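S.K.: Got a file for you: work10.csv, CSV, C-alpha atoms.
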chain,number,residue,atom,x,y,z
T,1,MET,CA,21.2,-35.6,3.2
T,2,ALA,CA,18.4,-33.3,2.1
T,3,TYR,CA,17.7,-33.0,-1.7
T,4,ILE,CA,15.4,-31.2,-4.1
T,5,SER,CA,13.3,-33.5,-6.2
T,6,SER,CA,10.9,-31.2,-8.0
T,7,GLY,CA,9.5,-27.8,-8.6
T,8,VAL,CA,6.1,-26.3,-8.9
T,9,ALA,CA,5.2,-23.0,-10.5
T,10,CYS,CA,1.8,-21.6,-9.6
T,11,SER,CA,-0.1,-18.4,-9.8
T,12,HIS,CA,-1.5,-17.2,-6.4
T,13,VAL,CA,-4.5,-15.2,-7.5
T,14,PRO,CA,-6.5,-14.3,-4.3
T,15,ALA,CA,-9.8,-15.1,-6.0
T,16,LEU,CA,-8.8,-18.7,-6.2
T,17,GLY,CA,-8.5,-18.9,-2.4
T,18,VAL,CA,-11.9,-17.2,-2.1
T,19,ALA,CA,-13.4,-19.7,-4.6
T,20,SER,CA,-12.0,-22.6,-2.6
T,21,ASP,CA,-13.1,-21.2,0.8
T,22,THR,CA,-16.6,-20.4,-0.3
T,23,GLY,CA,-17.3,-23.7,-2.2
T,24,ILE,CA,-17.6,-22.3,-5.7
T,25,SER,CA,-14.5,-23.9,-7.1
T,26,ASP,CA,-16.5,-26.1,-9.5
T,27,ASP,CA,-18.8,-23.4,-11.0
T,28,ASP,CA,-18.6,-22.3,-14.6
T,29,TYR,CA,-16.0,-19.6,-13.9
T,30,TYR,CA,-13.6,-21.3,-11.5
T,31,GLY,CA,-14.3,-25.0,-12.5
T,32,PRO,CA,-11.9,-25.0,-15.6
T,33,ILE,CA,-9.1,-23.6,-13.4
T,34,PHE,CA,-9.5,-26.1,-10.5
T,35,ARG,CA,-9.8,-28.9,-13.0
T,36,GLY,CA,-6.4,-27.9,-14.4
T,37,PHE,CA,-5.0,-28.7,-10.9
T,38,GLU,CA,-6.6,-32.2,-10.5
T,39,TYR,CA,-3.5,-33.9,-12.0
T,40,SER,CA,-1.4,-31.8,-9.6
T,41,LYS,CA,-3.1,-33.0,-6.5
T,42,GLN,CA,-2.7,-36.6,-7.6
T,43,TRP,CA,1.0,-35.9,-8.5
T,44,MET,CA,1.5,-34.3,-5.1
T,45,ALA,CA,0.0,-37.2,-3.3
T,46,GLU,CA,2.6,-39.5,-4.9
T,47,GLU,CA,5.5,-37.1,-4.7
T,48,LYS,CA,5.0,-36.6,-0.9
T,49,PRO,CA,7.7,-34.1,-0.2
T,50,ASP,CA,9.0,-33.8,3.4
T,51,VAL,CA,9.3,-30.0,3.1
T,52,ILE,CA,8.1,-27.3,0.7
T,53,PHE,CA,10.4,-24.4,0.0
T,54,LEU,CA,7.9,-21.8,-1.1
T,55,VAL,CA,8.9,-18.6,-2.9
T,56,TYR,CA,6.2,-16.0,-2.8
T,57,ASN,CA,5.5,-12.3,-2.3
T,58,ASP,CA,3.8,-10.6,0.6
T,59,HIS,CA,1.1,-8.1,-0.4
T,60,CYS,CA,1.7,-5.4,2.3
T,61,THR,CA,0.4,-7.8,4.9
T,62,ALA,CA,3.4,-8.9,7.0
T,63,PHE,CA,5.5,-6.1,5.6
T,64,ASP,CA,3.7,-2.8,5.0
T,65,ALA,CA,5.6,0.2,3.6
T,66,THR,CA,7.8,0.6,6.7
T,67,ILE,CA,10.1,-2.3,5.8
T,68,ILE,CA,10.8,-3.6,2.3
T,69,PRO,CA,13.1,-6.6,2.4
T,70,THR,CA,14.1,-7.8,-1.0
T,71,PHE,CA,14.6,-11.4,0.1
T,72,ALA,CA,13.1,-12.4,3.5
T,73,LEU,CA,13.5,-16.0,4.7
T,74,GLY,CA,11.0,-17.3,7.2
T,75,CYS,CA,12.7,-19.1,10.2
T,76,ALA,CA,9.7,-19.6,12.5
T,77,THR,CA,8.1,-22.7,13.8
T,78,GLU,CA,4.7,-21.7,12.4
T,79,TYR,CA,3.0,-19.0,10.3
T,80,GLN,CA,-0.6,-17.9,10.9
T,81,PRO,CA,-2.8,-17.1,7.9
T,82,ALA,CA,-3.2,-13.3,7.9
T,83,ASP,CA,-6.3,-11.1,8.0
T,84,GLU,CA,-6.0,-9.2,4.7
T,85,GLY,CA,-9.1,-7.2,5.4
T,86,TRP,CA,-11.8,-9.9,5.2
T,87,GLY,CA,-10.7,-12.1,8.1
T,88,PRO,CA,-8.0,-14.8,7.9
T,89,ARG,CA,-8.5,-17.5,5.3
T,90,PRO,CA,-10.0,-20.6,6.9
T,91,VAL,CA,-7.0,-22.7,6.1
T,92,PRO,CA,-4.6,-24.6,8.4
T,93,VAL,CA,-1.7,-23.0,10.2
T,94,VAL,CA,1.4,-23.3,8.1
T,95,LYS,CA,4.1,-25.2,10.0
T,96,GLY,CA,7.7,-24.2,9.5
T,97,HIS,CA,10.9,-26.3,9.6
T,98,GLN,CA,13.0,-24.3,11.8
T,99,THR,CA,16.3,-26.2,11.7
T,100,LEU,CA,16.2,-26.3,7.9
T,101,SER,CA,15.4,-22.6,7.7
T,102,ALA,CA,18.2,-21.7,10.0
T,103,HIS,CA,20.6,-23.8,8.0
T,104,ILE,CA,19.6,-22.2,4.7
T,105,ALA,CA,19.8,-18.7,6.3
T,106,GLN,CA,23.3,-19.3,7.4
T,107,SER,CA,24.4,-20.9,4.1
T,108,LEU,CA,22.9,-18.1,2.0
T,109,VAL,CA,24.6,-15.3,3.8
T,110,LEU,CA,28.0,-17.1,3.7
T,111,ASP,CA,27.3,-17.6,0.0
T,112,MET,CA,26.9,-13.8,-0.3
T,113,PHE,CA,23.1,-13.7,-0.5
T,114,ASP,CA,22.3,-11.2,2.3
T,115,ILE,CA,18.8,-12.2,3.1
T,116,THR,CA,16.6,-10.9,5.9
T,117,VAL,CA,15.7,-13.4,8.6
T,118,ILE,CA,12.1,-13.3,9.7
T,119,ASN,CA,11.3,-15.1,13.0
T,120,GLN,CA,7.7,-14.0,13.2
T,121,MET,CA,5.3,-13.3,10.3
T,122,GLU,CA,1.8,-13.9,9.1
T,123,VAL,CA,1.3,-15.3,5.6
T,124,ASP,CA,-1.2,-14.0,3.1
T,125,HIS,CA,-2.8,-15.4,0.0
T,126,GLY,CA,0.6,-15.3,-1.8
T,127,LEU,CA,1.6,-18.3,0.2
T,128,THR,CA,-1.6,-20.1,1.1
T,129,VAL,CA,-3.3,-20.0,-2.4
T,130,PRO,CA,-0.6,-22.3,-4.0
T,131,LEU,CA,-1.0,-24.7,-1.1
T,132,THR,CA,-4.7,-24.8,-1.7
T,133,MET,CA,-4.3,-25.4,-5.4
T,134,MET,CA,-1.8,-28.3,-4.8
T,135,PHE,CA,-3.4,-29.9,-1.7
T,136,GLY,CA,-7.1,-28.9,-1.7
T,137,GLN,CA,-8.7,-28.5,1.7
T,138,PRO,CA,-6.9,-30.8,4.2
T,139,GLU,CA,-7.3,-30.6,8.0
T,140,ALA,CA,-3.6,-29.8,8.2
T,141,TRP,CA,-1.0,-29.1,5.5
T,142,PRO,CA,0.8,-32.4,4.8
T,143,CYS,CA,4.3,-31.0,5.3
T,144,PRO,CA,6.2,-28.1,6.8
T,145,VAL,CA,7.0,-25.0,4.6
T,146,VAL,CA,10.0,-22.8,4.5
T,147,PRO,CA,8.8,-19.5,3.1
T,148,LEU,CA,10.9,-17.0,1.1
T,149,ALA,CA,9.2,-13.7,0.6
T,150,VAL,CA,10.5,-11.6,-2.3
T,151,ASN,CA,9.7,-7.9,-2.8
T,152,VAL,CA,8.0,-7.5,-6.1
T,153,VAL,CA,5.6,-4.7,-5.0
T,154,GLN,CA,8.0,-1.8,-4.9
T,155,TYR,CA,10.0,-1.5,-8.1
T,156,PRO,CA,12.6,-2.7,-8.6
T,157,ALA,CA,12.1,-6.4,-7.8
T,158,PRO,CA,15.3,-8.3,-7.8
T,159,LEU,CA,16.5,-9.1,-11.4
T,160,GLY,CA,15.7,-12.5,-13.0
T,161,ILE,CA,19.3,-13.4,-13.1
T,162,ARG,CA,19.7,-12.6,-9.4
T,163,CYS,CA,16.6,-14.8,-8.5
T,164,TYR,CA,18.1,-17.6,-10.6
T,165,ALA,CA,21.4,-17.3,-8.9
T,166,LEU,CA,19.7,-17.3,-5.5
T,167,GLY,CA,17.9,-20.5,-6.5
T,168,LYS,CA,21.2,-22.2,-7.1
T,169,ALA,CA,22.4,-21.0,-3.7
T,170,ILE,CA,19.3,-22.4,-2.1
T,171,ARG,CA,19.9,-25.8,-3.8
T,172,LYS,CA,23.5,-25.8,-2.4
T,173,ALA,CA,22.2,-24.9,1.0
T,174,ILE,CA,19.5,-27.6,1.0
T,175,ALA,CA,22.0,-30.2,-0.3
T,176,SER,CA,24.3,-29.6,2.6
T,177,PHE,CA,21.6,-30.1,5.3
T,178,PRO,CA,22.4,-33.4,7.1
T,179,GLU,CA,18.9,-34.7,7.6
T,180,ASP,CA,17.3,-36.9,5.0
T,181,LEU,CA,14.6,-34.7,3.5
T,182,LYS,CA,12.9,-34.6,0.1
T,183,VAL,CA,12.2,-31.0,-0.8
T,184,CYS,CA,9.8,-29.6,-3.4
T,185,VAL,CA,10.4,-25.9,-4.4
T,186,PHE,CA,7.4,-23.7,-5.3
T,187,GLY,CA,7.7,-20.5,-7.4
T,188,THR,CA,4.5,-18.5,-7.2
T,189,GLY,CA,2.9,-15.5,-8.8
T,190,GLY,CA,2.1,-14.4,-12.3
T,191,MET,CA,1.4,-14.8,-15.0
T,192,SER,CA,0.8,-11.8,-17.2
T,193,HIS,CA,-1.5,-9.3,-15.4
T,194,GLN,CA,-1.8,-5.6,-14.7
T,195,LEU,CA,-4.1,-4.6,-11.8
T,196,GLN,CA,-3.6,-0.8,-12.0
T,197,HIS,CA,-4.3,2.3,-13.9
T,198,LYS,CA,-5.8,2.5,-17.4
T,199,ARG,CA,-3.9,-0.5,-18.9
T,200,ALA,CA,-5.4,-2.8,-16.2
T,201,GLY,CA,-6.5,-6.1,-17.6
T,202,LEU,CA,-3.5,-6.7,-19.8
T,203,ILE,CA,-3.0,-10.3,-20.7
T,204,ASN,CA,-0.3,-11.6,-23.0
T,205,ALA,CA,-0.8,-15.3,-23.6
T,206,GLU,CA,1.8,-15.6,-26.3
T,207,TRP,CA,4.5,-14.1,-24.1
T,208,ASP,CA,3.4,-16.3,-21.1
T,209,ALA,CA,3.8,-19.4,-23.3
T,210,ARG,CA,7.3,-18.3,-24.4
T,211,PHE,CA,8.2,-17.5,-20.8
T,212,MET,CA,7.3,-21.0,-19.7
T,213,ASP,CA,9.2,-22.6,-22.6
T,214,LEU,CA,12.3,-20.7,-21.7
T,215,LEU,CA,12.0,-21.3,-18.0
T,216,VAL,CA,11.8,-25.1,-18.6
T,217,ASN,CA,14.2,-25.6,-21.4
T,218,ASN,CA,16.5,-22.6,-21.5
T,219,PRO,CA,16.6,-21.0,-18.1
T,220,ASP,CA,20.1,-19.4,-18.7
T,221,GLN,CA,18.5,-17.3,-21.4
T,222,GLY,CA,15.1,-16.8,-19.8
T,223,ALA,CA,16.7,-15.5,-16.6
T,224,LYS,CA,18.1,-12.6,-18.5
T,225,ILE,CA,14.7,-11.2,-19.4
T,226,GLU,CA,14.9,-7.6,-18.4
T,227,HIS,CA,12.5,-5.7,-16.1
T,228,ILE,CA,11.3,-3.5,-18.9
T,229,GLU,CA,10.2,-6.5,-20.8
T,230,TYR,CA,8.2,-7.9,-17.9
T,231,LEU,CA,6.6,-4.5,-17.3
T,232,ARG,CA,5.7,-3.9,-20.9
T,233,GLU,CA,4.8,-7.4,-22.1
T,234,ALA,CA,3.5,-9.0,-18.9
T,235,GLY,CA,2.1,-6.0,-17.2
T,236,SER,CA,3.2,-4.1,-14.1
T,237,GLU,CA,2.2,-6.9,-11.7
T,238,GLY,CA,3.5,-9.6,-14.1
T,239,ILE,CA,7.0,-8.7,-13.0
T,240,GLU,CA,6.4,-11.1,-10.0
T,241,LEU,CA,7.3,-13.9,-12.5
T,242,VAL,CA,10.9,-13.3,-11.5
T,243,MET,CA,10.0,-15.5,-8.5
T,244,TRP,CA,9.6,-18.5,-10.8
T,245,TYR,CA,13.4,-18.2,-11.5
T,246,VAL,CA,14.3,-18.8,-7.8
T,247,MET,CA,12.4,-22.1,-8.1
T,248,ARG,CA,14.1,-22.9,-11.5
T,249,GLY,CA,17.6,-22.1,-10.1
T,250,ALA,CA,17.0,-24.5,-7.3
T,251,LEU,CA,16.4,-27.4,-9.8
T,252,ASN,CA,18.8,-29.2,-12.1
T,253,GLU,CA,19.8,-27.9,-15.4
T,254,HIS,CA,17.6,-30.5,-17.0
T,255,VAL,CA,14.1,-31.1,-15.8
T,256,GLU,CA,11.2,-33.0,-17.0
T,257,GLU,CA,8.0,-31.1,-17.5
T,258,LYS,CA,5.3,-33.3,-16.0
T,259,HIS,CA,2.4,-30.9,-16.3
T,260,ARG,CA,1.5,-27.5,-17.8
T,261,PHE,CA,-1.7,-25.6,-17.4
T,262,TYR,CA,-2.7,-22.1,-18.5
T,263,HIS,CA,-6.0,-20.4,-18.3
T,264,VAL,CA,-7.4,-16.8,-18.7
T,265,PRO,CA,-8.8,-15.3,-16.6
T,266,ALA,CA,-9.0,-15.6,-12.8
T,267,SER,CA,-10.2,-12.2,-11.8
T,268,ASN,CA,-7.6,-9.9,-13.5
T,269,THR,CA,-4.9,-12.5,-14.1
T,270,ALA,CA,-3.7,-15.2,-16.4
T,271,VAL,CA,-3.2,-18.4,-14.4
T,272,GLY,CA,-0.1,-20.5,-15.1
T,273,HIS,CA,1.1,-23.7,-13.6
T,274,LEU,CA,4.0,-26.1,-14.1
T,275,ILE,CA,5.3,-29.2,-12.5
T,276,LEU,CA,8.9,-30.0,-13.1
T,277,GLU,CA,10.9,-33.0,-11.9
T,278,ASN,CA,14.7,-33.1,-11.6
T,279,ARG,CA,16.4,-35.3,-14.1
Y,1,MET,CA,13.8,17.4,-11.8
Y,2,SER,CA,12.8,14.0,-12.8
Y,3,GLU,CA,14.9,11.2,-14.3
Y,4,ASP,CA,14.0,9.6,-17.6
Y,5,LYS,CA,13.1,6.0,-17.1
Y,6,ASP,CA,12.6,3.3,-19.7
Y,7,TYR,CA,9.2,2.4,-18.3
Y,8,ASP,CA,7.8,5.9,-18.6
Y,9,ASP,CA,6.9,5.0,-22.2
Y,10,ILE,CA,4.4,2.3,-21.1
Y,11,PRO,CA,0.9,3.7,-21.5
Y,12,GLY,CA,-1.7,3.6,-18.7
Y,13,THR,CA,0.8,2.4,-16.2
Y,14,ILE,CA,2.3,4.0,-13.1
Y,15,VAL,CA,5.4,2.0,-12.0
Y,16,PHE,CA,5.5,2.0,-8.2
Y,17,ASP,CA,9.2,2.8,-8.1
Y,18,SER,CA,11.4,4.0,-5.3
Y,19,GLN,CA,10.5,7.7,-5.9
Y,20,GLN,CA,6.8,7.0,-6.1
Y,21,ALA,CA,7.1,4.9,-2.9
Y,22,ALA,CA,8.8,7.7,-1.1
Y,23,ARG,CA,6.2,10.1,-2.2
Y,24,GLY,CA,3.3,7.9,-1.3
Y,25,TYR,CA,4.5,6.5,2.0
Y,26,HIS,CA,1.9,8.1,4.3
Y,27,LEU,CA,-0.9,7.7,1.8
Y,28,ASN,CA,-0.1,4.0,1.5
Y,29,GLN,CA,0.2,3.6,5.3
Y,30,PHE,CA,-3.2,5.1,5.6
Y,31,CYS,CA,-4.7,2.7,3.1
Y,32,ILE,CA,-3.1,-0.4,4.6
Y,33,SER,CA,-4.3,0.6,8.1
Y,34,LEU,CA,-7.8,-0.2,6.8
Y,35,ARG,CA,-6.8,-3.9,6.7
Y,36,LEU,CA,-7.9,-4.0,10.4
Y,37,GLN,CA,-11.5,-3.8,11.5
Y,38,LYS,CA,-10.6,-1.6,14.5
Y,39,ASN,CA,-9.1,1.0,12.1
Y,40,ARG,CA,-12.0,0.8,9.7
Y,41,ASP,CA,-14.4,1.5,12.6
Y,42,GLU,CA,-12.4,4.6,13.6
Y,43,PHE,CA,-12.3,5.8,10.0
Y,44,SER,CA,-16.0,5.4,9.7
Y,45,ALA,CA,-16.6,7.3,12.9
Y,46,ASP,CA,-14.7,10.3,11.7
Y,47,PRO,CA,-13.0,10.1,8.3
Y,48,GLU,CA,-11.2,13.4,8.4
Y,49,ALA,CA,-9.9,13.0,11.9
Y,50,TYR,CA,-8.7,9.5,11.1
Y,51,ILE,CA,-6.9,10.4,7.8
Y,52,ASP,CA,-5.3,13.4,9.5
Y,53,ARG,CA,-3.2,11.0,11.6
Y,54,PHE,CA,-1.3,10.3,8.4
Y,55,PRO,CA,0.8,13.4,7.3
Y,56,MET,CA,0.1,13.1,3.6
Y,57,THR,CA,-0.2,16.0,1.2
Y,58,ALA,CA,-3.5,17.9,0.8
Y,59,GLU,CA,-3.8,16.6,-2.8
Y,60,GLN,CA,-3.3,13.0,-1.6
Y,61,ARG,CA,-5.8,13.5,1.2
Y,62,ASP,CA,-8.5,14.8,-1.2
Y,63,ALA,CA,-7.9,12.1,-3.7
Y,64,ALA,CA,-8.2,9.5,-0.9
Y,65,LEU,CA,-11.4,11.0,0.5
Y,66,ASN,CA,-12.9,11.4,-3.0
Y,67,GLN,CA,-11.9,8.0,-4.2
Y,68,GLN,CA,-10.0,9.2,-7.2
Y,69,TRP,CA,-8.4,5.8,-8.0
Y,70,THR,CA,-6.1,6.6,-10.9
Y,71,LEU,CA,-5.0,9.9,-9.3
Y,72,LEU,CA,-4.1,8.1,-6.1
Y,73,LEU,CA,-1.6,6.0,-8.1
Y,74,GLU,CA,-0.1,9.0,-9.8
Y,75,LEU,CA,0.4,10.6,-6.4
Y,76,GLY,CA,2.4,7.7,-5.0
Y,77,GLY,CA,-0.3,5.2,-4.1
Y,78,ASN,CA,0.2,1.5,-4.9
Y,79,ILE,CA,-2.6,-0.7,-6.0
Y,80,TYR,CA,-2.1,-3.3,-3.2
Y,81,TYR,CA,-2.6,-0.4,-0.8
Y,82,THR,CA,-5.3,1.5,-2.5
Y,83,SER,CA,-7.2,-1.7,-3.0
Y,84,LYS,CA,-7.6,-1.8,0.8
Y,85,LEU,CA,-9.3,1.6,0.7
Y,86,ALA,CA,-11.4,0.3,-2.2
Y,87,ALA,CA,-12.3,-2.8,-0.2
Y,88,TYR,CA,-13.4,-0.5,2.7
Y,89,HIS,CA,-15.9,1.0,0.2
Y,90,GLY,CA,-17.0,-2.5,-0.9
Y,91,ILE,CA,-15.2,-2.3,-4.2
Y,92,ASN,CA,-13.3,-5.5,-5.2
Y,93,PHE,CA,-10.2,-5.7,-7.4
Y,94,GLN,CA,-12.1,-6.3,-10.6
Y,95,GLU,CA,-14.6,-3.5,-9.9
Y,96,LEU,CA,-11.7,-1.2,-9.0
Y,97,ALA,CA,-10.1,-2.1,-12.4
Y,98,GLY,CA,-13.4,-1.2,-14.0
Y,99,LEU,CA,-13.3,2.2,-12.4
Y,100,MET,CA,-9.6,2.9,-13.2
Y,101,THR,CA,-10.0,2.0,-16.8
Y,102,GLY,CA,-13.3,3.9,-17.1
Y,103,MET,CA,-14.9,0.8,-18.6
Y,104,GLY,CA,-17.2,0.0,-15.8
Y,105,ALA,CA,-17.3,-3.4,-14.0
Y,106,GLU,CA,-19.5,-5.3,-16.5
Y,107,LYS,CA,-17.6,-4.3,-19.6
Y,108,TYR,CA,-14.2,-4.9,-17.9
Y,109,ARG,CA,-15.3,-8.3,-16.7
Y,110,ALA,CA,-16.5,-9.2,-20.2
Y,111,MET,CA,-13.1,-8.2,-21.5
Y,112,MET,CA,-11.3,-10.4,-19.1
Y,113,VAL,CA,-13.5,-13.4,-19.8
Y,114,SER,CA,-12.8,-13.0,-23.5
Y,115,GLY,CA,-9.0,-13.1,-22.9
Y,116,GLY,CA,-8.1,-9.8,-21.4
Y,117,ARG,CA,-6.7,-6.6,-22.8
Y,118,SER,CA,-4.5,-7.4,-25.8
Y,119,ILE,CA,-0.9,-6.4,-25.8
Y,120,GLU,CA,-1.3,-5.2,-29.4
Y,121,GLY,CA,-1.6,-1.4,-29.4
Y,122,ASN,CA,-0.8,-1.2,-25.7
Y,123,ARG,CA,3.0,-1.4,-25.6
Y,124,SER,CA,4.0,2.2,-26.0
Y,125,LYS,CA,2.5,5.6,-25.3
Y,126,SER,CA,2.8,6.5,-29.0
Y,127,GLU,CA,0.2,3.8,-29.8
Y,128,TRP,CA,-2.3,5.6,-27.5
Y,129,GLU,CA,-1.9,9.0,-29.1
Y,130,ASP,CA,-4.2,8.5,-32.0
Please re-express this file's structure in structure tokens.
M.R.:
Amino acid sequence: MAYISSGVACSHVPALGVASDTGISDDDYYGPIFRGFEYSKQWMAEEKPDVIFLVYNDHCTAFDATIIPTFALGCATEYQPADEGWGPRPVPVVKGHQTLSAHIAQSLVLDMFDITVINQMEVDHGLTVPLTMMFGQPEAWPCPVVPLAVNVVQYPAPLGIRCYALGKAIRKAIASFPEDLKVCVFGTGGMSHQLQHKRAGLINAEWDARFMDLLVNNPDQGAKIEHIEYLREAGSEGIELVMWYVMRGALNEHVEEKHRFYHVPASNTAVGHLILENR
Amino acid sequence: MSEDKDYDDIPGTIVFDSQQAARGYHLNQFCISLRLQKNRDEFSADPEAYIDRFPMTAEQRDAALNQQWTLLLELGGNIYYTSKLAAYHGINFQELAGLMTGMGAEKYRAMMVSGGRSIEGNRSKSEWED
């Protein structure tokens, strides 16, 4: 049977993709960030998941303002890196796992999570930057990816408690898939940041640290963080941290924190990263 | 008539909620169209004719053509969309933040490198009144 072994939380700042693609990831500005992921690349090489279930948000790339699905599950055989206005990132095509996706889609709806099924979509930096941070620059990504796109651009994003419950439903879906697959779940985005208007540049390191502590050790409480707190304390774009709760819900109640990294800044954003193993 | 929302009290922040999204739909669709080179070329060839394909308000149209970045957000624009218009003008995210905050790119970048804008004094509109 398929099972979930671990979870990864990771910011998806577009500038990190640019730094990797243009060969400046070891300069004075980006070097400290990429060094924070050196352990992660080694860990990933040993973990060797068969599939990654990757929770991210699209930045009006696959979905512009015409359609705003709250939860959209990718069910395609592959996903091309999108042109976000500067040409597509020079990274490998993301291969899907169609039978696992189809199984999860069916299981979720029957479990009362009425997700949107997406059979064709391009993927932007929200999905490809975390892969870069965890795998570097391989010729091909080492395993297929099942993407779940969450709306966090148009308010309201789904509530933290809803994301957490969805994560539990995803765990149930994966555990009932008959093939022997080891699955690693990624929750991406964050941490505190505000990109817009006069409060742009907001960073709240103390809040971010507390957020990570709660996520790891007391997710039942952390999942209840309200939207107003995210907006006020973590910035208008920091609300995308609800996606980390989908990942957390997919893991066991007790997890071991293998790695934590935090750095300010990457462009306008605080970078946060966790590796959690099921216990 | 406008509803009172708990996030209205956050200073220097326009929450892109459902009402703002409805208001800004055509403006945002214009901005995101500039993701593609073909559309950027057509916009360059005749900006007014190109923008008139999108039935936005006159106020939104002027703000877009005049690059009024904070006003665009107030009129229903969203940063992930307006940043595509900024990119068309060669302005990256950090430079755009420098413009929106009125700090300028260098001062804004220096603030980020030294840890970003503190949450202290930036939680509530009442803290910005003095």
S.K.: With all atoms listed in the file as the counted atoms, please give the residues lying no more than 9 Å from Glu84 in chain T, apart from itself and same-chain residues fewer than 4 positions off, as JSON, numbers by chain.
M.R.: {"T": [59, 60, 61, 88, 89, 124, 125], "Y": [35, 36, 84]}
S.K.: Output as a tab-separated table one row per residue of chain T within 8 Å of chain Y: the closest atom pair and its distance in Å to one decimal place, counting all atoms listed in the file, sorted by chain and residue number ascending.
M.R.:
residue	atom	partner	partner_atom	distance
T:His59	CA	Y:Tyr80	CA	6.4
T:Cys60	CA	Y:Tyr80	CA	7.0
T:Asp64	CA	Y:Ile32	CA	7.2
T:Ala65	CA	Y:Tyr25	CA	6.6
T:Asp83	CA	Y:Arg35	CA	7.3
T:Glu84	CA	Y:Arg35	CA	5.7
T:Gly85	CA	Y:Arg35	CA	4.2
T:Trp86	CA	Y:Arg35	CA	8.0
T:Val153	CA	Y:Phe16	CA	7.4
T:Gln154	CA	Y:Phe16	CA	5.6
T:Tyr155	CA	Y:Asp17	CA	4.4
T:Pro156	CA	Y:Asp17	CA	6.5
T:Leu195	CA	Y:Ala97	CA	6.5
T:Gln196	CA	Y:Ile79	CA	6.1
T:His197	CA	Y:Met100	CA	5.4
T:Lys198	CA	Y:Thr101	CA	4.3
T:Arg199	CA	Y:Gly12	CA	4.7
T:Ala200	CA	Y:Ala97	CA	6.1
T:Gly201	CA	Y:Arg117	CA	5.2
T:Leu202	CA	Y:Arg117	CA	4.4
T:Ile203	CA	Y:Gly116	CA	5.2
T:Asn204	CA	Y:Ile119	CA	5.9
T:Ile228	CA	Y:Tyr7	CA	6.3
T:Leu231	CA	Y:Tyr7	CA	7.4
T:Arg232	CA	Y:Arg123	CA	6.0
T:Glu233	CA	Y:Ile119	CA	6.9
T:Ser236	CA	Y:Val15	CA	6.8
T:Val264	CA	Y:Gly115	CA	5.8
T:Pro265	CA	Y:Val113	CA	6.0
T:Ser267	CA	Y:Gln94	CA	6.3
T:Asn268	CA	Y:Gln94	CA	6.5
S.K.: Interatomic distance between CA of Pro47 in chain Y and CA of Ala64 in chain Y?
M.R.: 10.4 Å
S.K.: I'd like the interatomic distance between CA of Leu251 in chain T and CA of Ala140 in chain T, to a tenth of an Å.
M.R.: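 Separation of CA of Leu251 in chain T and CA of Ala140 in chain T: 27.0 Å.
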S.K.: Go through Y:Asp4, Y:Arg23, Y:Gly90, Y:Phe43 one by one, measure the shortest atom-to-atom distance of each to Glu59 in chain Y using only C-alpha atoms, and give the residue with the smallest value.
M.R.: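 Checking each of Y:Asp4, Y:Arg23, Y:Gly90, Y:Phe43 against Glu59 in chain Y, counting only C-alpha atoms, the winner is Y:Arg23.
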S.K.: Any idea what the distance is between CA of Cys143 in chain T and CA of Lys48 in chain T?
M.R.: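 Here the two named atoms are 8.4 Å from each other.
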S.K.: Residues within 6 Å of range 126-129 of chain T, please, as an NGL selection string. Count all atoms listed in the file; anything in the same chain fewer than 2 positions from it doesn't count.
M.R.: :T and (12 or 17 or 56-57 or 124 or 131-132)
S.K.: Name the residues, using the chain letters and numbers of the file, that sit within 12 Å of (-9.9, 12.6, 1.2) when counting only C-alpha atoms, and give them as a PyMOL selection string.
M.R.: chain Y and resi 27+30-31+43+46-52+54+56-69+71-72+85
S.K.: Return the single residue from T:Ser20, T:Ser5, T:Ser192, T:Gln80 that is closest to Glu47 in chain T, with distances computed using all atoms listed in the file.
M.R.: T:Ser5
S.K.: Given the choices T:Ala9, T:Val55, T:Ile4, T:Ile118, which gets closest to Val145 in chain T if the distance is worked out from only C-alpha atoms?
M.R.: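 Comparing T:Ala9, T:Val55, T:Ile4, T:Ile118 against Val145 in chain T, the winner is T:Val55.
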S.K.: Might you pull out every residue within 9 Å of Ala62 in chain T, with all atoms listed in the file counted and same-chain residues fewer than 5 positions away left off, and present them as a PDB file with C-alpha atoms, keeping the file's coordinate frame?
M.R.:
ATOM      1  CA  ALA T  82      -3.200 -13.300   7.900  1.00  0.00           C
ATOM      2  CA  MET T 121       5.300 -13.300  10.300  1.00  0.00           C
ATOM      3  CA  GLU T 122       1.800 -13.900   9.100  1.00  0.00           C
ATOM      4  CA  VAL T 123       1.300 -15.300   5.600  1.00  0.00           C
ATOM      5  CA  ASP T 124      -1.200 -14.000   3.100  1.00  0.00           C
TER       6      ASP T 124
END
S.K.: Write range 112-116 of chain Y as a PDB file, keeping the file's coordinate frame, completed to N, CA and C atoms.
M.R.:
ATOM      1  N   MET Y 112     -12.157  -9.414 -19.670  1.00  0.00           N
ATOM      2  CA  MET Y 112     -11.300 -10.400 -19.100  1.00  0.00           C
ATOM      3  C   MET Y 112     -11.731 -11.834 -19.474  1.00  0.00           C
ATOM      4  N   VAL Y 113     -13.022 -12.070 -19.461  1.00  0.00           N
ATOM      5  CA  VAL Y 113     -13.500 -13.400 -19.800  1.00  0.00           C
ATOM      6  C   VAL Y 113     -13.184 -13.732 -21.272  1.00  0.00           C
ATOM      7  N   SER Y 114     -13.115 -12.706 -22.114  1.00  0.00           N
ATOM      8  CA  SER Y 114     -12.800 -13.000 -23.500  1.00  0.00           C
ATOM      9  C   SER Y 114     -11.282 -12.880 -23.784  1.00  0.00           C
ATOM     10  N   GLY Y 115     -10.460 -12.994 -22.737  1.00  0.00           N
ATOM     11  CA  GLY Y 115      -9.000 -13.100 -22.900  1.00  0.00           C
ATOM     12  C   GLY Y 115      -8.186 -11.926 -22.461  1.00  0.00           C
ATOM     13  N   GLY Y 116      -8.850 -10.908 -21.931  1.00  0.00           N
ATOM     14  CA  GLY Y 116      -8.100  -9.800 -21.400  1.00  0.00           C
ATOM     15  C   GLY Y 116      -7.791  -8.709 -22.403  1.00  0.00           C
TER      16      GLY Y 116
END
